[in-house]
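Below: one structure, written as structure tokens.
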Amino acid sequence: MNGFFKSVAENAVFAAEFLLIIVAIFLVAIFLEKLADKKSSGSRSKERTLSTRKMAVTGMFSALAMILHILDFPLPFAPDFYKLDFSELPVLVGAFAFGPVAGITIEAVKILLKLFIKGTSTALVGDLANFVIGCSFILPASAIYYFRKSKKGAIAGCIIGTLILTLFGTAFNAVYLLPAFSKLYGMPLDSILNMGSAVNPLMTEGSIVSFVACCVAPMNLIKGGSVSLITMLIYKPLSPIIKEGKR
């Protein structure tokens, strides 16, 4: 019984940390938007009047992102509990169209919809990972584009966002997520690392640094690069439809 209450308490603390992280990311996004608005002219006043369309698009893109999130798939060089999905594609498109706050909102609603429909199989660890690591890509990419709305700004945002996604996602897994997963599931960290070395011969057995470098970093790089490339191809023709309903 004591073990049960301890488990509940640990999950409650993890959920509280989850909420604090969400709030912190939203505050950063709001700050960046306000800073960019101050440096711009009145050209963004029109975007603020599109609140109804923005809400509708945010809801639609959140649902699409949730569907893509559920349609994840494993990769041959990582354990099965690491899966690749392209749910950040509608998130990035929405963030380019309406700003970082809209992007973070879509990301958060995506996770909430997924939890409501499918629940969690990772004691919220995987859901926290998907949200935070997704935001580490969406926030810098959309903020750079929000400051400089041009093709060069979009390319720079995607490149920098992908690099941050890869570096931060790799470090976050090593420092926080893998130890949290081990603690909440009562699974020795070495057992988790051995699951990586079993499928990836490049990994050094028992090394968490080698695990994230060989299993996590390539997955994040593939995800960021793929989402960036597709966004660059489809955003310009979609932008008038998203913002104004024009074809």
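Scheme for the structure tokens: letters A, B, ... for chains in order shown; per-chain residue numbers from 1; ligand numbers from 1 in order shown.
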
Give me the residues of range 60-117 of chain A that have any atom at most 9 Å from an atom of range 231-243 of chain A; for each, the nearest atom pair and the distance in Å, rounded to one decimal. Use only C-alpha atoms, sort by chain and number, and format it as JSON lines.
{"residue": "A:Leu89", "atom": "CA", "partner": "A:Thr231", "partner_atom": "CA", "distance": 6.7}
{"residue": "A:Pro90", "atom": "CA", "partner": "A:Thr231", "partner_atom": "CA", "distance": 8.5}
{"residue": "A:Leu92", "atom": "CA", "partner": "A:Thr231", "partner_atom": "CA", "distance": 7.3}
{"residue": "A:Val93", "atom": "CA", "partner": "A:Tyr235", "partner_atom": "CA", "distance": 6.4}
{"residue": "A:Gly94", "atom": "CA", "partner": "A:Ile242", "partner_atom": "CA", "distance": 8.3}
{"residue": "A:Phe96", "atom": "CA", "partner": "A:Tyr235", "partner_atom": "CA", "distance": 8.2}
{"residue": "A:Ala97", "atom": "CA", "partner": "A:Ser239", "partner_atom": "CA", "distance": 6.6}
{"residue": "A:Phe98", "atom": "CA", "partner": "A:Lys243", "partner_atom": "CA", "distance": 8.1}

Could the residues in this selection be saved with N, CA and C atoms as a PDB file, in the first residue's frame?
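Generated output (out_20.pdb):
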ATOM      1  N   LEU A  89       4.108  18.955 -38.211  1.00  0.00           N
ATOM      2  CA  LEU A  89       3.878  19.606 -39.506  1.00  0.00           C
ATOM      3  C   LEU A  89       2.727  20.620 -39.447  1.00  0.00           C
ATOM      4  N   PRO A  90       1.503  20.231 -39.053  1.00  0.00           N
ATOM      5  CA  PRO A  90       0.443  21.238 -38.937  1.00  0.00           C
ATOM      6  C   PRO A  90       0.736  22.265 -37.836  1.00  0.00           C
ATOM      7  N   LEU A  92       3.733  23.569 -37.098  1.00  0.00           N
ATOM      8  CA  LEU A  92       4.642  24.568 -37.664  1.00  0.00           C
ATOM      9  C   LEU A  92       3.932  25.447 -38.684  1.00  0.00           C
ATOM     10  N   VAL A  93       3.074  24.859 -39.500  1.00  0.00           N
ATOM     11  CA  VAL A  93       2.309  25.653 -40.470  1.00  0.00           C
ATOM     12  C   VAL A  93       1.431  26.664 -39.740  1.00  0.00           C
ATOM     13  N   GLY A  94       0.752  26.223 -38.687  1.00  0.00           N
ATOM     14  CA  GLY A  94      -0.085  27.128 -37.903  1.00  0.00           C
ATOM     15  C   GLY A  94       0.724  28.208 -37.214  1.00  0.00           C
ATOM     16  N   PHE A  96       3.653  29.421 -38.257  1.00  0.00           N
ATOM     17  CA  PHE A  96       4.088  30.362 -39.288  1.00  0.00           C
ATOM     18  C   PHE A  96       2.953  31.322 -39.648  1.00  0.00           C
ATOM     19  N   ALA A  97       1.746  30.804 -39.670  1.00  0.00           N
ATOM     20  CA  ALA A  97       0.601  31.629 -40.077  1.00  0.00           C
ATOM     21  C   ALA A  97       0.198  32.628 -39.000  1.00  0.00           C
ATOM     22  N   PHE A  98       0.195  32.217 -37.736  1.00  0.00           N
ATOM     23  CA  PHE A  98      -0.377  33.045 -36.670  1.00  0.00           C
ATOM     24  C   PHE A  98       0.568  33.349 -35.514  1.00  0.00           C
TER      25      PHE A  98
END

*Name the residues in contact with range 70-85 of chain A at a cut-off of 8 Å, using only C-alpha atoms, excluding same-chain residues fewer than 4 positions from it; report them as a list in words.*
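Near neighbours after the sequence-gap exclusion: Met66, Lys114, Met195, Gly196, Val199, Asn200, Cys214, Cys215, Val216, Met219 and Lys223 of chain A.
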
With N, CA and C atoms retained, write the just-selected residues as a PDB file, in the first residue's frame.
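Printed below is result10.pdb as written:
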ATOM      1  N   MET A  66      -3.051  15.804 -33.805  1.00  0.00           N
ATOM      2  CA  MET A  66      -3.331  14.654 -32.941  1.00  0.00           C
ATOM      3  C   MET A  66      -3.414  13.365 -33.760  1.00  0.00           C
ATOM      4  N   LYS A 114      -4.871  13.808 -27.545  1.00  0.00           N
ATOM      5  CA  LYS A 114      -4.322  12.457 -27.574  1.00  0.00           C
ATOM      6  C   LYS A 114      -4.540  11.751 -26.241  1.00  0.00           C
ATOM      7  N   MET A 195      18.010  -2.043 -24.103  1.00  0.00           N
ATOM      8  CA  MET A 195      17.042  -2.137 -25.193  1.00  0.00           C
ATOM      9  C   MET A 195      17.546  -1.380 -26.417  1.00  0.00           C
ATOM     10  N   GLY A 196      18.307  -0.317 -26.172  1.00  0.00           N
ATOM     11  CA  GLY A 196      18.888   0.427 -27.285  1.00  0.00           C
ATOM     12  C   GLY A 196      20.027  -0.323 -27.939  1.00  0.00           C
ATOM     13  N   VAL A 199      19.161  -3.127 -30.480  1.00  0.00           N
ATOM     14  CA  VAL A 199      18.709  -2.831 -31.846  1.00  0.00           C
ATOM     15  C   VAL A 199      19.673  -1.927 -32.606  1.00  0.00           C
ATOM     16  N   ASN A 200      20.604  -1.301 -31.883  1.00  0.00           N
ATOM     17  CA  ASN A 200      21.528  -0.373 -32.542  1.00  0.00           C
ATOM     18  C   ASN A 200      22.962  -0.784 -32.227  1.00  0.00           C
ATOM     19  N   CYS A 214      22.964   7.798 -30.450  1.00  0.00           N
ATOM     20  CA  CYS A 214      22.727   6.834 -31.528  1.00  0.00           C
ATOM     21  C   CYS A 214      21.241   6.602 -31.813  1.00  0.00           C
ATOM     22  N   CYS A 215      20.381   6.780 -30.806  1.00  0.00           N
ATOM     23  CA  CYS A 215      18.962   6.463 -30.968  1.00  0.00           C
ATOM     24  C   CYS A 215      18.073   7.700 -31.039  1.00  0.00           C
ATOM     25  N   VAL A 216      18.351   8.680 -30.192  1.00  0.00           N
ATOM     26  CA  VAL A 216      17.461   9.840 -30.084  1.00  0.00           C
ATOM     27  C   VAL A 216      17.821  10.936 -31.080  1.00  0.00           C
ATOM     28  N   MET A 219      16.715  10.418 -34.737  1.00  0.00           N
ATOM     29  CA  MET A 219      15.265  10.515 -34.881  1.00  0.00           C
ATOM     30  C   MET A 219      14.816  11.974 -34.893  1.00  0.00           C
ATOM     31  N   LYS A 223      13.079  14.031 -37.979  1.00  0.00           N
ATOM     32  CA  LYS A 223      11.791  14.688 -37.792  1.00  0.00           C
ATOM     33  C   LYS A 223      11.864  16.161 -38.147  1.00  0.00           C
TER      34      LYS A 223
END

Identify, with DSSP run on backbone atoms, the residues in range 15-233 of chain A assigned to strand (DSSP E or B), and express the list as an mmCIF file with N, CA and C atoms, in the first residue's frame.
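Once everything was written out, this is out.cif:
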data_model
loop_
_atom_site.group_PDB
_atom_site.id
_atom_site.type_symbol
_atom_site.label_atom_id
_atom_site.label_comp_id
_atom_site.auth_asym_id
_atom_site.auth_seq_id
_atom_site.Cartn_x
_atom_site.Cartn_y
_atom_site.Cartn_z
ATOM 1 N N PHE A 73 5.273 5.629 -35.718
ATOM 2 C CA PHE A 73 5.848 4.338 -36.121
ATOM 3 C C PHE A 73 7.275 4.229 -35.588
ATOM 4 N N PRO A 74 7.713 3.007 -35.261
ATOM 5 C CA PRO A 74 9.071 2.809 -34.735
ATOM 6 C C PRO A 74 10.117 2.931 -35.829
ATOM 7 N N LYS A 83 9.135 6.436 -30.999
ATOM 8 C CA LYS A 83 8.451 6.368 -32.280
ATOM 9 C C LYS A 83 8.458 7.736 -32.960
ATOM 10 N N LEU A 84 8.549 7.698 -34.265
ATOM 11 C CA LEU A 84 8.574 8.923 -35.057
ATOM 12 C C LEU A 84 7.172 9.266 -35.522
#

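When only C-alpha atoms are used to measure the gap to Lys54 in chain A, the shortest distance among A:Phe181, A:Gly99, A:Val23, A:Ala129 belongs to A:Gly99.
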
*Which is closer to Ser182 in chain A than all the others in A:Ile144, A:Leu202, A:Val125, A:Ile164, using only C-alpha atoms?*
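With only C-alpha atoms as the atom set, the closest residue is A:Val125.
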
*Quick one: of A:Ala141, A:Ala29, A:Ile159, A:Val132, who's nearest to Tyr176 in chain A, counting only C-alpha atoms?*
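Closest to Tyr176 in chain A of all the choices is A:Val132.
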
*In Å, with one decimal, what is the gap from CA of Ser228 in chain A to CA of Leu112 in chain A?*
24.0 Å

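With CA of Glu107 in chain A on one side and CA of Leu184 in chain A on the other, the separation reads 24.1 Å.
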
*A:Ile192, A:Val57, A:Ile25, A:Ala180: which is nearest Ser136 in chain A, counting only C-alpha atoms?*
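Distance minimum relative to Ser136 in chain A lands on A:Ile25.
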
*asked:* For Thr166 in chain A, find every residue with an atom within 8 Å (counting only C-alpha atoms), except residues of its own chain fewer than 2 positions away, and show them as a ChimeraX atom specification.
replied: /A:162-164,168-170,217-218,220-221,224

*Go ahead and compute the interatomic distance for CA of Ile111 in chain A and CA of Asn194 in chain A, in Å to one decimal.*
28.8 Å

_Residues near Ala24 in chain A, cut-off 12 Å, only C-alpha atoms, skip fewer than 5 positions along chain, as a list in words_ = Glu17, Phe18, Leu19, Ala29, Ile30, Phe31, Val101, Ile104, Val132 and Cys135 of chain A

Store the residues of this selection in a file with C-alpha atoms, as an mmCIF file, in the first residue's frame.
data_model
loop_
_atom_site.group_PDB
_atom_site.id
_atom_site.type_symbol
_atom_site.label_atom_id
_atom_site.label_comp_id
_atom_site.auth_asym_id
_atom_site.auth_seq_id
_atom_site.Cartn_x
_atom_site.Cartn_y
_atom_site.Cartn_z
ATOM 1 C CA GLU A 17 6.254 19.668 -13.428
ATOM 2 C CA PHE A 18 4.519 19.035 -16.758
ATOM 3 C CA LEU A 19 2.094 21.924 -16.134
ATOM 4 C CA ALA A 29 6.119 32.528 -26.677
ATOM 5 C CA ILE A 30 3.998 35.495 -25.515
ATOM 6 C CA PHE A 31 7.119 37.517 -24.704
ATOM 7 C CA VAL A 101 1.675 31.416 -29.274
ATOM 8 C CA ILE A 104 2.413 26.295 -28.792
ATOM 9 C CA VAL A 132 8.546 19.866 -24.786
ATOM 10 C CA CYS A 135 8.136 23.114 -28.657
#
